[in-house]
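Student: Contents are mmCIF, C-alpha atoms; chains and numbers go by the auth columns; file name protein.cif:
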```cif
data_structure
loop_
_atom_site.group_PDB
_atom_site.id
_atom_site.type_symbol
_atom_site.label_atom_id
_atom_site.label_comp_id
_atom_site.label_asym_id
_atom_site.label_seq_id
_atom_site.Cartn_x
_atom_site.Cartn_y
_atom_site.Cartn_z
_atom_site.B_iso_or_equiv
_atom_site.auth_seq_id
_atom_site.auth_asym_id
ATOM 1 C CA MET A 1 -45.730 -38.424 -6.144 0.00 1 A
ATOM 2 C CA VAL A 2 -42.992 -41.019 -5.731 0.00 2 A
ATOM 3 C CA LYS A 3 -42.140 -42.738 -8.992 0.00 3 A
ATOM 4 C CA HIS A 4 -41.368 -46.411 -9.534 0.00 4 A
ATOM 5 C CA SER A 5 -39.925 -47.316 -12.950 0.00 5 A
ATOM 6 C CA GLY A 6 -41.602 -44.278 -14.471 0.00 6 A
ATOM 7 C CA LYS A 7 -44.915 -44.913 -12.724 0.00 7 A
ATOM 8 C CA THR A 8 -46.359 -43.801 -9.446 0.00 8 A
ATOM 9 C CA LEU A 9 -46.269 -46.353 -6.655 0.00 9 A
ATOM 10 C CA ASP A 10 -50.049 -46.657 -6.908 0.00 10 A
ATOM 11 C CA ASP A 11 -49.754 -47.405 -10.631 0.00 11 A
ATOM 12 C CA ALA A 12 -47.200 -50.088 -9.806 0.00 12 A
ATOM 13 C CA GLY A 13 -49.503 -51.587 -7.181 0.00 13 A
ATOM 14 C CA ILE A 14 -47.139 -50.755 -4.322 0.00 14 A
ATOM 15 C CA LYS A 15 -48.374 -49.597 -0.926 0.00 15 A
ATOM 16 C CA PHE A 16 -46.228 -48.019 1.774 0.00 16 A
ATOM 17 C CA TYR A 17 -46.395 -46.028 4.968 0.00 17 A
ATOM 18 C CA THR A 18 -43.861 -44.329 7.213 0.00 18 A
ATOM 19 C CA GLY A 19 -43.889 -45.491 10.813 0.00 19 A
ATOM 20 C CA GLU A 20 -41.867 -45.605 13.988 0.00 20 A
ATOM 21 C CA ILE A 21 -40.121 -48.505 15.680 0.00 21 A
ATOM 22 C CA VAL A 22 -41.707 -49.184 19.079 0.00 22 A
ATOM 23 C CA GLU A 23 -41.391 -51.987 21.594 0.00 23 A
ATOM 24 C CA ARG A 24 -44.515 -53.888 22.537 0.00 24 A
ATOM 25 C CA ASN A 25 -44.967 -57.194 24.355 0.00 25 A
ATOM 26 C CA GLY A 26 -41.240 -57.808 24.364 0.00 26 A
ATOM 27 C CA HIS A 27 -40.588 -57.333 20.648 0.00 27 A
ATOM 28 C CA LEU A 28 -40.099 -54.540 18.126 0.00 28 A
ATOM 29 C CA GLU A 29 -42.925 -53.339 15.894 0.00 29 A
ATOM 30 C CA VAL A 30 -43.384 -50.640 13.274 0.00 30 A
ATOM 31 C CA ASP A 31 -46.315 -48.511 14.401 0.00 31 A
ATOM 32 C CA ASN A 32 -47.143 -44.840 14.978 0.00 32 A
ATOM 33 C CA PRO A 33 -47.745 -43.964 11.296 0.00 33 A
ATOM 34 C CA THR A 34 -46.591 -40.412 10.589 0.00 34 A
ATOM 35 C CA GLY A 35 -49.178 -39.717 7.898 0.00 35 A
ATOM 36 C CA ASP A 36 -46.655 -40.145 5.087 0.00 36 A
ATOM 37 C CA GLY A 37 -47.360 -42.849 2.527 0.00 37 A
ATOM 38 C CA ASN A 38 -50.064 -43.828 0.066 0.00 38 A
ATOM 39 C CA ILE A 39 -52.226 -45.745 2.535 0.00 39 A
ATOM 40 C CA ASP A 40 -53.760 -44.471 5.753 0.00 40 A
ATOM 41 C CA GLY A 41 -53.134 -46.104 9.100 0.00 41 A
ATOM 42 C CA THR A 42 -56.689 -47.396 9.502 0.00 42 A
ATOM 43 C CA THR A 43 -56.646 -49.178 6.146 0.00 43 A
ATOM 44 C CA ALA A 44 -53.184 -50.598 6.798 0.00 44 A
ATOM 45 C CA PHE A 45 -54.360 -51.859 10.189 0.00 45 A
ATOM 46 C CA GLU A 46 -57.500 -53.450 8.753 0.00 46 A
ATOM 47 C CA MET A 47 -55.489 -55.344 6.150 0.00 47 A
ATOM 48 C CA GLY A 48 -52.970 -56.533 8.734 0.00 48 A
ATOM 49 C CA ALA A 49 -50.047 -54.394 7.567 0.00 49 A
ATOM 50 C CA LEU A 50 -49.989 -52.276 10.728 0.00 50 A
ATOM 51 C CA PRO A 51 -48.348 -52.819 13.083 0.00 51 A
ATOM 52 C CA TYR A 52 -45.584 -54.617 11.205 0.00 52 A
ATOM 53 C CA VAL A 53 -43.258 -56.934 13.118 0.00 53 A
ATOM 54 C CA PRO A 54 -39.759 -56.815 11.577 0.00 54 A
ATOM 55 C CA THR A 55 -38.035 -60.120 10.958 0.00 55 A
ATOM 56 C CA SER A 56 -34.970 -61.023 12.984 0.00 56 A
ATOM 57 C CA GLU A 57 -32.962 -60.590 9.780 0.00 57 A
ATOM 58 C CA GLU A 58 -34.238 -57.012 9.365 0.00 58 A
ATOM 59 C CA ILE A 59 -33.539 -56.180 13.009 0.00 59 A
ATOM 60 C CA GLU A 60 -29.948 -57.351 12.671 0.00 60 A
ATOM 61 C CA LYS A 61 -29.311 -56.091 9.138 0.00 61 A
ATOM 62 C CA TYR A 62 -30.579 -52.559 9.769 0.00 62 A
ATOM 63 C CA ASN A 63 -29.686 -52.385 13.470 0.00 63 A
ATOM 64 C CA LEU A 64 -33.261 -51.370 14.261 0.00 64 A
ATOM 65 C CA GLN A 65 -33.714 -49.208 17.341 0.00 65 A
ATOM 66 C CA ILE A 66 -36.748 -48.001 19.258 0.00 66 A
ATOM 67 C CA GLY A 67 -37.669 -44.566 17.967 0.00 67 A
ATOM 68 C CA GLN A 68 -36.296 -45.007 14.448 0.00 68 A
ATOM 69 C CA ILE A 69 -38.485 -43.884 11.550 0.00 69 A
ATOM 70 C CA VAL A 70 -38.818 -46.402 8.712 0.00 70 A
ATOM 71 C CA ASP A 71 -40.834 -47.019 5.554 0.00 71 A
ATOM 72 C CA VAL A 72 -42.741 -50.289 5.189 0.00 72 A
ATOM 73 C CA SER A 73 -43.847 -51.381 1.720 0.00 73 A
ATOM 74 C CA TRP A 74 -45.537 -54.285 -0.062 0.00 74 A
ATOM 75 C CA TYR A 75 -47.204 -55.211 -3.339 0.00 75 A
ATOM 76 C CA GLU A 76 -50.950 -54.752 -3.011 0.00 76 A
ATOM 77 C CA SER A 77 -51.518 -58.011 -4.889 0.00 77 A
ATOM 78 C CA ASN A 78 -49.211 -59.906 -2.531 0.00 78 A
ATOM 79 C CA PRO A 79 -49.271 -58.687 1.107 0.00 79 A
ATOM 80 C CA GLY A 80 -46.710 -61.359 1.927 0.00 80 A
ATOM 81 C CA THR A 81 -44.041 -59.180 0.293 0.00 81 A
ATOM 82 C CA ILE A 82 -44.258 -56.638 3.127 0.00 82 A
ATOM 83 C CA LYS A 83 -40.869 -55.499 4.395 0.00 83 A
ATOM 84 C CA ILE A 84 -38.887 -52.482 5.573 0.00 84 A
ATOM 85 C CA VAL A 85 -37.535 -50.667 2.517 0.00 85 A
ATOM 86 C CA TRP A 86 -36.286 -47.352 3.854 0.00 86 A
ATOM 87 C CA ILE A 87 -34.519 -46.232 7.021 0.00 87 A
ATOM 88 C CA HIS A 88 -34.651 -42.673 8.362 0.00 88 A
ATOM 89 C CA PRO A 89 -31.508 -42.394 10.530 0.00 89 A
ATOM 90 C CA ASP A 90 -32.860 -39.226 12.104 0.00 90 A
ATOM 91 C CA GLU A 91 -36.022 -37.147 11.880 0.00 91 A
ATOM 92 C CA THR A 92 -34.990 -35.326 8.714 0.00 92 A
ATOM 93 C CA VAL A 93 -32.587 -37.460 6.659 0.00 93 A
ATOM 94 C CA GLU A 94 -33.687 -40.455 4.619 0.00 94 A
ATOM 95 C CA THR A 95 -31.319 -43.243 3.628 0.00 95 A
ATOM 96 C CA PRO A 96 -32.232 -46.324 1.541 0.00 96 A
ATOM 97 C CA ALA A 97 -32.263 -49.407 3.734 0.00 97 A
ATOM 98 C CA GLU A 98 -30.521 -51.329 0.971 0.00 98 A
ATOM 99 C CA VAL A 99 -27.331 -49.258 1.275 0.00 99 A
ATOM 100 C CA LYS A 100 -26.888 -50.195 4.905 0.00 100 A
ATOM 101 C CA SER A 101 -24.204 -52.789 5.503 0.00 101 A
ATOM 102 C CA ASP A 102 -25.284 -56.370 6.074 0.00 102 A
ATOM 103 C CA LYS A 103 -22.721 -56.309 8.850 0.00 103 A
ATOM 104 C CA ALA A 104 -24.472 -53.595 10.829 0.00 104 A
ATOM 105 C CA LYS A 105 -23.888 -53.932 14.526 0.00 105 A
ATOM 106 C CA LYS A 106 -26.574 -55.549 16.612 0.00 106 A
ATOM 107 C CA SER A 107 -28.777 -53.311 18.688 0.00 107 A
ATOM 108 C CA ALA A 108 -27.384 -52.698 22.157 0.00 108 A
ATOM 109 C CA GLY A 109 -30.507 -53.619 24.073 0.00 109 A
ATOM 110 C CA ASN A 110 -32.704 -51.511 21.757 0.00 110 A
ATOM 111 C CA THR A 111 -32.317 -48.551 24.104 0.00 111 A
ATOM 112 C CA PRO A 112 -33.971 -45.505 22.511 0.00 112 A
ATOM 113 C CA LYS A 113 -31.747 -42.535 21.837 0.00 113 A
ATOM 114 C CA PRO A 114 -32.475 -39.388 23.852 0.00 114 A
ATOM 115 C CA TRP A 115 -34.795 -37.025 22.018 0.00 115 A
ATOM 116 C CA THR A 116 -33.200 -33.805 20.768 0.00 116 A
ATOM 117 C CA PRO A 117 -35.543 -30.818 21.178 0.00 117 A
ATOM 118 C CA ASN A 118 -36.495 -29.230 17.869 0.00 118 A
ATOM 119 C CA TYR A 119 -37.661 -26.082 19.662 0.00 119 A
ATOM 120 C CA PRO A 120 -34.939 -25.237 22.201 0.00 120 A
ATOM 121 C CA GLU A 121 -36.467 -21.798 22.653 0.00 121 A
ATOM 122 C CA ILE A 122 -39.307 -23.296 24.709 0.00 122 A
ATOM 123 C CA VAL A 123 -37.036 -25.263 27.054 0.00 123 A
ATOM 124 C CA PRO A 124 -37.001 -22.450 29.666 0.00 124 A
ATOM 125 C CA ILE A 125 -40.810 -22.312 29.504 0.00 125 A
ATOM 126 C CA VAL A 126 -41.431 -26.053 29.765 0.00 126 A
ATOM 127 C CA THR A 127 -38.677 -27.022 32.207 0.00 127 A
ATOM 128 C CA GLY A 128 -40.152 -28.202 35.491 0.00 128 A
ATOM 129 C CA LYS A 129 -43.719 -28.094 34.175 0.00 129 A
ATOM 130 C CA THR A 130 -46.289 -30.897 34.234 0.00 130 A
ATOM 131 C CA VAL A 131 -47.957 -31.679 30.910 0.00 131 A
ATOM 132 C CA LEU A 132 -51.264 -33.559 31.038 0.00 132 A
ATOM 133 C CA LEU A 133 -51.907 -35.771 28.006 0.00 133 A
ATOM 134 C CA VAL A 134 -55.574 -36.497 27.307 0.00 134 A
ATOM 135 C CA GLY A 135 -55.855 -39.782 25.385 0.00 135 A
ATOM 136 C CA ASP A 136 -53.112 -41.822 23.700 0.00 136 A
ATOM 137 C CA SER A 137 -51.877 -43.228 27.010 0.00 137 A
ATOM 138 C CA VAL A 138 -50.890 -46.436 25.179 0.00 138 A
ATOM 139 C CA TYR A 139 -48.050 -44.452 23.609 0.00 139 A
ATOM 140 C CA ALA A 140 -47.359 -42.234 26.612 0.00 140 A
ATOM 141 C CA ASP A 141 -43.949 -43.807 27.240 0.00 141 A
ATOM 142 C CA ASN A 142 -42.952 -43.002 23.674 0.00 142 A
ATOM 143 C CA LEU A 143 -44.204 -39.413 23.898 0.00 143 A
ATOM 144 C CA ARG A 144 -42.550 -39.057 27.297 0.00 144 A
ATOM 145 C CA ARG A 145 -39.198 -39.104 25.509 0.00 145 A
ATOM 146 C CA VAL A 146 -40.152 -35.677 24.164 0.00 146 A
ATOM 147 C CA THR A 147 -41.195 -34.142 27.485 0.00 147 A
ATOM 148 C CA ASP A 148 -38.113 -35.647 29.149 0.00 148 A
ATOM 149 C CA ALA A 149 -35.964 -33.814 26.605 0.00 149 A
ATOM 150 C CA TYR A 150 -37.621 -30.575 27.705 0.00 150 A
ATOM 151 C CA ASN A 151 -37.187 -31.410 31.410 0.00 151 A
ATOM 152 C CA ALA A 152 -40.960 -31.633 31.824 0.00 152 A
ATOM 153 C CA THR A 153 -43.185 -34.272 33.421 0.00 153 A
ATOM 154 C CA LEU A 154 -45.849 -36.061 31.372 0.00 154 A
ATOM 155 C CA THR A 155 -48.995 -37.420 33.011 0.00 155 A
ATOM 156 C CA GLU A 156 -51.895 -38.960 31.134 0.00 156 A
ATOM 157 C CA VAL A 157 -55.608 -39.631 31.390 0.00 157 A
ATOM 158 C CA ASP A 158 -57.672 -41.630 28.898 0.00 158 A
ATOM 159 C CA SER A 159 -61.310 -41.391 29.901 0.00 159 A
ATOM 160 C CA ILE A 160 -62.681 -37.939 30.565 0.00 160 A
ATOM 161 C CA ASP A 161 -64.215 -38.483 33.984 0.00 161 A
ATOM 162 C CA ARG A 162 -64.871 -34.939 35.153 0.00 162 A
ATOM 163 C CA GLU A 163 -63.949 -35.526 38.801 0.00 163 A
ATOM 164 C CA ARG A 164 -60.766 -37.441 37.985 0.00 164 A
ATOM 165 C CA PHE A 165 -59.832 -35.022 35.229 0.00 165 A
ATOM 166 C CA GLU A 166 -60.235 -31.982 37.471 0.00 166 A
ATOM 167 C CA ALA A 167 -58.039 -33.625 40.102 0.00 167 A
ATOM 168 C CA MET A 168 -55.284 -34.142 37.523 0.00 168 A
ATOM 169 C CA VAL A 169 -55.686 -30.617 36.170 0.00 169 A
ATOM 170 C CA GLU A 170 -54.808 -29.247 39.588 0.00 170 A
ATOM 171 C CA ASP A 171 -51.327 -30.745 39.253 0.00 171 A
ATOM 172 C CA ALA A 172 -50.816 -29.774 35.593 0.00 172 A
ATOM 173 C CA ASP A 173 -49.422 -26.652 33.955 0.00 173 A
ATOM 174 C CA MET A 174 -50.576 -27.319 30.404 0.00 174 A
ATOM 175 C CA LEU A 175 -52.824 -29.750 28.554 0.00 175 A
ATOM 176 C CA ILE A 176 -52.338 -31.619 25.263 0.00 176 A
ATOM 177 C CA ILE A 177 -55.274 -33.447 23.676 0.00 177 A
ATOM 178 C CA ALA A 178 -54.764 -36.444 21.367 0.00 178 A
ATOM 179 C CA LEU A 179 -57.701 -35.852 19.018 0.00 179 A
ATOM 180 C CA HIS A 180 -57.197 -39.210 17.286 0.00 180 A
ATOM 181 C CA TYR A 181 -57.976 -40.993 20.575 0.00 181 A
ATOM 182 C CA VAL A 182 -60.579 -38.720 22.146 0.00 182 A
ATOM 183 C CA SER A 183 -64.168 -38.295 20.992 0.00 183 A
ATOM 184 C CA HIS A 184 -65.385 -34.881 19.864 0.00 184 A
ATOM 185 C CA ARG A 185 -67.537 -34.639 22.987 0.00 185 A
ATOM 186 C CA ASP A 186 -64.685 -35.516 25.321 0.00 186 A
ATOM 187 C CA SER A 187 -62.227 -33.203 23.583 0.00 187 A
ATOM 188 C CA ASN A 188 -64.671 -30.328 23.999 0.00 188 A
ATOM 189 C CA LEU A 189 -65.119 -31.263 27.658 0.00 189 A
ATOM 190 C CA ALA A 190 -61.350 -31.310 28.126 0.00 190 A
ATOM 191 C CA ILE A 191 -61.030 -27.867 26.554 0.00 191 A
ATOM 192 C CA ASP A 192 -63.872 -26.494 28.697 0.00 192 A
ATOM 193 C CA LEU A 193 -62.265 -27.844 31.866 0.00 193 A
ATOM 194 C CA ALA A 194 -58.867 -26.506 30.838 0.00 194 A
ATOM 195 C CA LYS A 195 -60.336 -23.047 30.317 0.00 195 A
ATOM 196 C CA ALA A 196 -62.215 -23.236 33.613 0.00 196 A
ATOM 197 C CA HIS A 197 -58.965 -23.986 35.429 0.00 197 A
ATOM 198 C CA GLY A 198 -56.896 -21.474 33.474 0.00 198 A
ATOM 199 C CA LEU A 199 -54.870 -24.232 31.823 0.00 199 A
ATOM 200 C CA THR A 200 -53.333 -23.595 28.402 0.00 200 A
ATOM 201 C CA TYR A 201 -53.815 -26.394 25.885 0.00 201 A
ATOM 202 C CA ALA A 202 -52.999 -27.646 22.383 0.00 202 A
ATOM 203 C CA THR A 203 -54.046 -30.601 20.217 0.00 203 A
ATOM 204 C CA PHE A 204 -52.415 -33.099 17.856 0.00 204 A
ATOM 205 C CA ASN A 205 -53.763 -35.745 15.477 0.00 205 A
ATOM 206 C CA GLN A 206 -51.138 -38.494 15.171 0.00 206 A
ATOM 207 C CA HIS A 207 -49.560 -40.721 17.793 0.00 207 A
ATOM 208 C CA ALA A 208 -46.009 -39.802 16.811 0.00 208 A
ATOM 209 C CA LYS A 209 -43.438 -37.684 18.565 0.00 209 A
ATOM 210 C CA ILE A 210 -43.097 -34.838 16.059 0.00 210 A
ATOM 211 C CA PRO A 211 -46.815 -33.862 15.998 0.00 211 A
ATOM 212 C CA PHE A 212 -46.820 -34.144 19.790 0.00 212 A
ATOM 213 C CA GLU A 213 -43.744 -31.923 20.031 0.00 213 A
ATOM 214 C CA ILE A 214 -45.410 -29.294 17.835 0.00 214 A
ATOM 215 C CA ALA A 215 -48.420 -29.370 20.165 0.00 215 A
ATOM 216 C CA LEU A 216 -46.080 -28.998 23.145 0.00 216 A
ATOM 217 C CA LYS A 217 -44.558 -25.920 21.503 0.00 217 A
ATOM 218 C CA THR A 218 -48.020 -24.431 20.957 0.00 218 A
ATOM 219 C CA ALA A 219 -49.046 -25.115 24.553 0.00 219 A
ATOM 220 C CA ALA A 220 -45.790 -23.628 25.843 0.00 220 A
ATOM 221 C CA GLU A 221 -46.202 -20.463 23.794 0.00 221 A
ATOM 222 C CA ARG A 222 -49.761 -20.061 25.052 0.00 222 A
ATOM 223 C CA TYR A 223 -48.567 -20.681 28.603 0.00 223 A
ATOM 224 C CA GLU A 224 -45.918 -17.977 28.310 0.00 224 A
ATOM 225 C CA ALA A 225 -48.416 -15.532 26.790 0.00 225 A
ATOM 226 C CA ALA A 226 -50.862 -16.212 29.631 0.00 226 A
ATOM 227 C CA GLN A 227 -48.131 -15.618 32.207 0.00 227 A
ATOM 228 C CA ILE A 228 -47.149 -12.305 30.613 0.00 228 A
ATOM 229 C CA LYS A 229 -50.775 -11.193 30.464 0.00 229 A
ATOM 230 C CA SER A 230 -51.277 -12.133 34.114 0.00 230 A
ATOM 231 C CA GLU A 231 -48.241 -10.107 35.170 0.00 231 A
ATOM 232 C CA GLU A 232 -49.474 -7.066 33.249 0.00 232 A
ATOM 233 C CA GLU A 233 -52.896 -7.097 34.896 0.00 233 A
#
```
Re-express the file's structure as structure tokens.

Tutor:
Amino acid sequence: MVKHSGKTLDDAGIKFYTGEIVERNGHLEVDNPTGDGNIDGTTAFEMGALPYVPTSEEIEKYNLQIGQIVDVSWYESNPGTIKIVWIHPDETVETPAEVKSDKAKKSAGNTPKPWTPNYPEIVPIVTGKTVLLVGDSVYADNLRRVTDAYNATLTEVDSIDRERFEAMVEDADMLIIALHYVSHRDSNLAIDLAKAHGLTYATFNQHAKIPFEIALKTAAERYEAAQIKSEEE
């Protein structure tokens, strides 16, 4: 547990979550909670802490970019203290926001950096394939950065209308289900339809790129295994 002056953050009355910088309605927001933190996304949303809109001072000071991972924190007794307190310059390294120079360069149009595949071994499998995303279409553009990095095409469908879904399945090579956006009934229907059409699938639980990329890896591995099995028969 993270300590704060010898106490846990909860003991100190501090709440925080790790989220991703996205662009919505013409401005930057911190959304897409990764699951890290001492408050869940639903609770943070209900109390108005998610999404968090960075101040113009924070955007300039930390050179905030779409796709960056940041920590947002506030005192539970005073939600007005909410602010960005930690910047993750990449997906694995954490750097305190306070050590960044106040003279950081302004964002050059907030253009997101290209995604770097964490599983290059599946690039040959996924290249040229169409991945159908079930649910989470609100964040499809963000997740598309991942499939673009693997030279794949991402399509999406929100409501599981059997006729429409089957039509989209015909053009897809693999299926990924966003369980956090799809009901249990619809997710089961999606899996049944995928099996009926011989489509490999995988699931993920958070609307962030890393969980989605892990699901893509799983779907790709299942796709390759199915292809090998088909060739052997």

Student: I need the residue nearest Gln227 in chain A from this list: A:Val169, A:Leu189, A:Ile125, A:Ala140. Use only C-alpha atoms for the distance.

Tutor: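 The closest residue to Gln227 in chain A is A:Ile125.
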
Student: Taking (-51.5, -33.8, 23.6) in the file's own coordinates, collect the residues within 12 Å, counting all atoms listed in the file, and hand them back as JSON, numbers by chain.

Tutor: {"A": [131, 132, 133, 134, 135, 136, 137, 139, 140, 143, 144, 146, 147, 154, 155, 156, 157, 158, 174, 175, 176, 177, 178, 179, 180, 181, 182, 187, 190, 191, 200, 201, 202, 203, 204, 205, 206, 207, 208, 209, 210, 211, 212, 213, 214, 215, 216, 217, 218, 219, 220]}

Student: What does the distance between CA of Tyr150 in chain A and CA of Asp173 in chain A come to in Å, to one decimal place?

Tutor: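 Straight-line distance from CA of Tyr150 in chain A to CA of Asp173 in chain A works out to 13.9 Å.
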
Student: List the neighbours of Val123 in chain A out to 8 Å using all atoms listed in the file; skip same-chain residues closer than 3 positions along the sequence, and give me the result as a short mmCIF file (atom, residue, chain, number, x, y, z; two decimals) with C-alpha atoms, in the coordinates of the input.

Tutor:
```cif
data_model
loop_
_atom_site.label_atom_id
_atom_site.label_comp_id
_atom_site.auth_asym_id
_atom_site.auth_seq_id
_atom_site.Cartn_x
_atom_site.Cartn_y
_atom_site.Cartn_z
CA TYR A 119 -37.66 -26.08 19.66
CA PRO A 120 -34.94 -25.24 22.20
CA VAL A 126 -41.43 -26.05 29.76
CA THR A 127 -38.68 -27.02 32.21
CA TYR A 150 -37.62 -30.58 27.70
CA ASN A 151 -37.19 -31.41 31.41
#
```

Student: If you measure from CA of Val70 in chain A to CA of Ile84 in chain A, what distance in Å do you get, rounded to one decimal?

Tutor: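 So the two atoms, CA of Val70 in chain A and CA of Ile84 in chain A, lie 6.8 Å apart.
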
Student: Which one is closest to Asp171 in chain A: A:Asp71, A:Ile122, A:Leu199, A:Pro54? Count all atoms listed in the file.

Tutor: A:Leu199

Student: Which protein, DNA or RNA residues are at most 12 Å from (-64.0, -33.8, 36.8) in the file's coordinates when you count only C-alpha atoms, listed as a short mmCIF file (atom, residue, chain, number, x, y, z; two decimals) with C-alpha atoms, in the frame of the given file?

Tutor:
```
data_model
loop_
_atom_site.label_atom_id
_atom_site.label_comp_id
_atom_site.auth_asym_id
_atom_site.auth_seq_id
_atom_site.Cartn_x
_atom_site.Cartn_y
_atom_site.Cartn_z
CA VAL A 157 -55.61 -39.63 31.39
CA SER A 159 -61.31 -41.39 29.90
CA ILE A 160 -62.68 -37.94 30.56
CA ASP A 161 -64.22 -38.48 33.98
CA ARG A 162 -64.87 -34.94 35.15
CA GLU A 163 -63.95 -35.53 38.80
CA ARG A 164 -60.77 -37.44 37.98
CA PHE A 165 -59.83 -35.02 35.23
CA GLU A 166 -60.24 -31.98 37.47
CA ALA A 167 -58.04 -33.62 40.10
CA MET A 168 -55.28 -34.14 37.52
CA VAL A 169 -55.69 -30.62 36.17
CA GLU A 170 -54.81 -29.25 39.59
CA ASP A 186 -64.68 -35.52 25.32
CA LEU A 189 -65.12 -31.26 27.66
CA ALA A 190 -61.35 -31.31 28.13
CA ASP A 192 -63.87 -26.49 28.70
CA LEU A 193 -62.26 -27.84 31.87
CA ALA A 194 -58.87 -26.51 30.84
CA ALA A 196 -62.22 -23.24 33.61
CA HIS A 197 -58.96 -23.99 35.43
#
```

Student: Which neighbours of range 43-50 of chain A fall inside 8 Å, counting all atoms listed in the file, when residues of the same chain fewer than 4 positions from it are skipped, and could you give them as a ChimeraX atom specification?

Tutor: /A:30-31,39,79,82

Student: What does the structure give for the distance between CA of Thr18 in chain A and CA of His184 in chain A, in Å to one decimal?

Tutor: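 Between CA of Thr18 in chain A and CA of His184 in chain A the gap works out to 26.7 Å.
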
Student: Using all atoms listed in the file, find the one residue out of A:Gln68, A:Asn188, A:Thr130, A:Asn63 that sits nearest to Asn32 in chain A.

Tutor: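 Under the stated criterion, the closest residue is A:Gln68.
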
Student: Here is a test: counting only C-alpha atoms, which residue of A:Ile66, A:Val85, A:Val53, A:Ala152 is nearest to Pro114 in chain A?

Tutor: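 Answer, going by the shortest atom-to-atom distance: A:Ile66.
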
Student: Running the PyMOL selection byres ((chain A and resi 13) around 6) on this model by hand, what would come out? Give it as a count of residues only.

Tutor: 6

Student: Measuring atom to atom with all atoms listed in the file, identify which of A:Gly198, A:Gly19, A:Pro51, A:Gly128 is nearest to Thr34 in chain A.

Tutor: A:Gly19
